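> What follows is a structure written as structure tokens; I'll ask about it next.
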Amino acid sequence: MVTAIKMPKMGLSGDTSLIGQWIKKKGDKVSVGESILTVETDKATFEVEAEAEGVLLEVFYEEGDEVPVLTPIGVIGEEGEDFSKLLNEDPAGSEPLKDEKEHQPDLIVQAQQTAAANGQNLEPVETSSLKISPRAKRTAERLHLDYRFAEPSGASGRIIEKDVLSLLEKAPRYTSAAKAAGILVDRNDKATGLGGRVTVQDVSGTASTKPSEQKVVEEPATNEKPGYNVQPLSRMRKVIAKNMMNSLHNTAQLTLTSSFDASTILAYRNKVKKQKDSLGLENVTLNDMILFAVSRTLMNHKDLNAHLVDNDLLVFDSVHLGMAVDTPKGLIVPTLVDSNTKSLVELAKASNEMVQKCKDETILPNEMQGASFTVTNLGSFGIESFTPVLNPPQVGILGVNTIVYRVKQSEGKDITYPAMGLSLTFDHRALDGAPAARFLKDLITNLEHFDLLLAK
């Protein structure tokens with residue numbers, strides 16, 4: 001009996017995931033529970049285990065393909081077993097493209113004429129039988145290549161990205177406007193567009209021929225490369241961009257900035273650092289102490305420890321702190337559940353474990369959900385002030401800044417002290433400026449008297 005390997009539903013986006021690596025290859029034997037491939041979501045990488053024993057009969061998607069969740073991506077069965085019924089299910093992304101008879105004939109003719117002008121004999125594939133991976137299709141669209149001229153090398157005759165890239169030197173390229181217009185290319189037409197593309201003006205004869213109306217443009221040599229590199233946004237970057245735009249468009253964000261005397265937490269940090277080995281303590285950072293203070297302060301300002309959903313404010317009984325972590329792939333925000341019930345050492349241990357998971361890409365989807373308030377720290381980069389962006393539906397996020405030395409009066413004398421900046425962004429729809437300012441004021445008091453906060 002054949003068993004379909006389906007793209008698992010995991011990750012924050014919930015719509016698609018990326019195939020990272022096929023650990024098992026077509027024809028390999030697999031056992032139940034054995035890892036067969038890795039899957040990348042917008043935040044982390046996971047291994048997918050086999051749910052059946054047998055042979056990996058076929059893979060429907062290549063490494064790097066972005067596939068909708070719950071779509072069959074491979075099949076396990078007995079050697080030689082028929083799995084054609086799975087193919088008839090038309091998994092997303094591998095079905096033949098819809099026939100576009102209204103627009104395609106002219107495009108086919110223009111491509112053939114351009115190929116002939118270049119001494120090439122490219123022939124397009126009939127679209128009714130064409131199969132192409134989503135990644136290859138995006139690459140073709142980005143590079144303005146006609147992927148119907150590609151020679152498929154993927155599984156089941158699918159066009160994959162390398163097939164599209166092979167067209168760079170031999171297939172016609174057009175601007176978006178020229179392609180949409182269904183233009184015909186003549187042997188004598190010149191490609192004056194960026195990167196050697198054929199423009200509408202190149203073939204329509206509408207380009208001005210009067211010297212007085214023409215701009216003097218120095219045409220680059222045909223083999224000259226543009227002065228930039230195209231770097232498509234990563235999947236994770238796209239998700240972050242979407243979330244940030246959604247946050248700014250759909251919330252009323254206001255940021256309050258203040259600072260506090262960090263002398264007390266710096267002194268405490270030095271004590272722990274010197275004695276942590278002898279006392280068996282966890283390495284406690286300044287950020288851990290701020291997380292501790294935030295979790296305690298929020299219990300007295302619950303309107304900030306909440307989600308705004310439609311017209312309802314969901315106020316949490318416990319503090320679940322989101323902690324922004326910088327990784328090579330982008331920003332990840334794991335959740336420290338019930339932070340207000342943890343001791344400083346327990347919180348430091350939990351935050352350190354989460355940071356390591358984020359960097360190792362072993363963080364689980366459920367460990368990045370449910371935060372009621374977020375803390376993001378840019379102090380290590382020397383940032384003195386910034387505007388954090390909310391993570392909806394949360395109504396508050398605290399930005400932590402670097403330490404700068406300032407002057408204040410003490411007993412009639414001017415003294416210098418280490419000042420650490422705090423930037424609180426809140427959703428003005430959920431609360432006003434005064435209650436948000438009171439939270440910031442109480443937080444500063446707790447940080448400046450951190451030893452008393454520990455005694456509570």
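Ordering of the structure tokens sets the chain letters (A, B, ...), residue numbers begin anew at 1 in every chain, and ligands are numbered from 1 in the order given.
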Show me a table, sorted first by chain and then by increasing residue number, of the residues of range 310-366 of chain A having an atom at most 10 Å from range 392-408 of chain A, each with its shortest atom pair and the distance in Å to one decimal, counting only C-alpha atoms and written as a tab-separated table.

```
residue	atom	partner	partner_atom	distance
A:Asp310	CA	A:Pro393	CA	9.3
A:Leu313	CA	A:Val395	CA	9.2
A:Leu314	CA	A:Pro393	CA	9.5
A:Leu321	CA	A:Ile397	CA	9.8
A:Gly322	CA	A:Ile397	CA	8.9
A:Met323	CA	A:Ile397	CA	9.9
A:Ala324	CA	A:Gly399	CA	9.9
```
> Taking a cut-off of 12 Å and counting only C-alpha atoms, can you build a table that, for each residue of range 267-362 of chain A near range 44-56 of chain A, reports the nearest atom pair and how far apart they are in Å (one decimal), sorted by chain then residue number, as CSV?

```
residue,atom,partner,partner_atom,distance
A:Thr327,CA,A:Ala44,CA,10.5
A:Pro328,CA,A:Ala44,CA,11.4
A:Lys329,CA,A:Ala44,CA,9.0
A:Gly330,CA,A:Ala44,CA,10.3
A:Leu331,CA,A:Ala44,CA,11.0
A:Ile332,CA,A:Ala44,CA,9.0
A:Val333,CA,A:Ala44,CA,11.5
A:Pro334,CA,A:Ala44,CA,11.4
A:Lys357,CA,A:Ala44,CA,9.3
A:Cys358,CA,A:Ala44,CA,7.6
A:Lys359,CA,A:Ala44,CA,9.2
A:Asp360,CA,A:Ala44,CA,8.6
A:Glu361,CA,A:Ala44,CA,4.8
A:Thr362,CA,A:Ala44,CA,6.4
```
> Can you write just those residues out, N, CA and C atoms, as a CSV table (one decimal), in the first residue's frame?

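selection06.csv, freshly written:
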```csv
chain,number,residue,atom,x,y,z
A,327,THR,N,18.9,36.5,14.6
A,327,THR,CA,19.5,35.3,14.0
A,327,THR,C,20.0,35.6,12.6
A,328,PRO,N,20.9,34.8,12.1
A,328,PRO,CA,21.4,35.0,10.7
A,328,PRO,C,20.2,35.1,9.7
A,329,LYS,N,19.2,34.4,9.9
A,329,LYS,CA,18.0,34.3,9.0
A,329,LYS,C,17.0,35.4,9.2
A,330,GLY,N,17.1,36.1,10.4
A,330,GLY,CA,16.1,37.2,10.7
A,330,GLY,C,15.7,37.1,12.1
A,331,LEU,N,14.7,38.0,12.4
A,331,LEU,CA,14.2,38.1,13.8
A,331,LEU,C,13.3,37.0,14.1
A,332,ILE,N,13.5,36.4,15.3
A,332,ILE,CA,12.6,35.4,15.8
A,332,ILE,C,12.2,35.8,17.2
A,333,VAL,N,10.9,35.6,17.6
A,333,VAL,CA,10.4,36.0,18.9
A,333,VAL,C,9.8,34.8,19.6
A,334,PRO,N,10.7,34.1,20.4
A,334,PRO,CA,10.1,33.0,21.2
A,334,PRO,C,9.4,33.6,22.4
A,357,LYS,N,18.1,27.8,21.0
A,357,LYS,CA,17.2,27.1,20.0
A,357,LYS,C,17.0,28.0,18.7
A,358,CYS,N,16.8,29.3,18.9
A,358,CYS,CA,16.6,30.1,17.8
A,358,CYS,C,17.8,30.1,16.8
A,359,LYS,N,19.0,30.2,17.4
A,359,LYS,CA,20.2,30.2,16.6
A,359,LYS,C,20.5,28.8,16.0
A,360,ASP,N,20.1,27.7,16.7
A,360,ASP,CA,20.3,26.4,16.2
A,360,ASP,C,19.2,26.0,15.2
A,361,GLU,N,18.2,26.8,15.1
A,361,GLU,CA,17.0,26.5,14.2
A,361,GLU,C,16.2,25.3,14.7
A,362,THR,N,16.2,25.1,16.0
A,362,THR,CA,15.4,24.0,16.6
A,362,THR,C,14.2,24.4,17.3
```
> Determine the nearest neighbour of Thr425 in chain A from the options A:Phe386, A:Tyr268, A:Trp22, A:Phe292, counting only C-alpha atoms.
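Among the listed residues, the smallest separation from Thr425 in chain A belongs to A:Phe386.
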> Using only C-alpha atoms, which protein or nucleic acid residues come within 12 Å of Ile76 in chain A? Drop anything in the same chain fewer than 5 positions from it, and give the result as a count of residues only.
32
> When distances are computed from only C-alpha atoms, which of A:Asp303, A:Glu62, A:Glu346, A:Glu34 shows the smallest separation from His428 in chain A?
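Among A:Asp303, A:Glu62, A:Glu346, A:Glu34, it is A:Asp303 that comes nearest to His428 in chain A.
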> Using Å and a single decimal, report how far CA of Leu248 in chain A sits from CA of Asn311 in chain A.
18.0 Å
> Would you give me, as a PyMOL selection string, the residues in range 357-453 of chain A that DSSP reads as strand (DSSP E or B)?
chain A and resi 373-377+394+396-410+413-427
> Go through A:Gln356, A:Met289, A:Thr445, A:Thr374 and flag the residue nearest Leu266 in chain A, using only C-alpha atoms for the distances.
A:Met289
> Residues of range 213-282 of chain A in helix (DSSP H, G or I) according to DSSP, as a PyMOL selection string?
chain A and resi 213+235-250+263-279
> Provide the CA of Asp326 in chain A to CA of Ser351 in chain A distance in Å, to one decimal place.
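Going from CA of Asp326 in chain A over to CA of Ser351 in chain A covers 13.2 Å.
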> Just how far from CA of Phe450 in chain A is CA of Ile265 in chain A, in Å to one decimal?
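CA of Ile265 in chain A sits 6.5 Å away from CA of Phe450 in chain A.
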> Select, from A:Lys271, A:Arg235, A:Arg138, A:Lys276, the residue with the minimum atom-to-atom distance to Leu18 in chain A, counting only C-alpha atoms.
A:Arg235
> Give me the residues near Lys9 in chain A as a list in words, where near means some atom within 12 Å (using only C-alpha atoms) and where sequence neighbours in that chain fewer than 4 positions away do not count.
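Near Lys9 in chain A, the qualifying residues are Ser13, Gly14, Asp15, Thr16, Ser17, Leu18, Val39, Glu40, Thr41, Phe46, Val48, Val67, Pro68, Val69, Leu70, Thr71 and Pro365 of chain A.
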> For those residues, write C-alpha atoms to a file as a PDB file, in the first residue's frame.

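Done, and the output landed in again_9.pdb:
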```pdb
ATOM      1  CA  SER A  13       2.475  31.452   8.383  1.00  0.00           C
ATOM      2  CA  GLY A  14       0.516  28.202   8.155  1.00  0.00           C
ATOM      3  CA  ASP A  15       0.089  28.373   4.359  1.00  0.00           C
ATOM      4  CA  THR A  16       3.287  27.001   2.815  1.00  0.00           C
ATOM      5  CA  SER A  17       6.655  25.587   3.799  1.00  0.00           C
ATOM      6  CA  LEU A  18       9.946  25.121   1.990  1.00  0.00           C
ATOM      7  CA  VAL A  39      11.277  21.373   6.005  1.00  0.00           C
ATOM      8  CA  GLU A  40      11.825  25.097   6.488  1.00  0.00           C
ATOM      9  CA  THR A  41       9.089  27.393   7.749  1.00  0.00           C
ATOM     10  CA  PHE A  46      12.328  20.711  11.072  1.00  0.00           C
ATOM     11  CA  VAL A  48       9.955  15.091   8.751  1.00  0.00           C
ATOM     12  CA  VAL A  67       4.859  23.875  -1.179  1.00  0.00           C
ATOM     13  CA  PRO A  68       1.355  24.417   0.289  1.00  0.00           C
ATOM     14  CA  VAL A  69       0.815  22.538   3.556  1.00  0.00           C
ATOM     15  CA  LEU A  70      -0.863  19.107   3.390  1.00  0.00           C
ATOM     16  CA  THR A  71       0.202  18.720  -0.257  1.00  0.00           C
ATOM     17  CA  PRO A 365       6.193  26.573  16.396  1.00  0.00           C
TER      18      PRO A 365
END
```
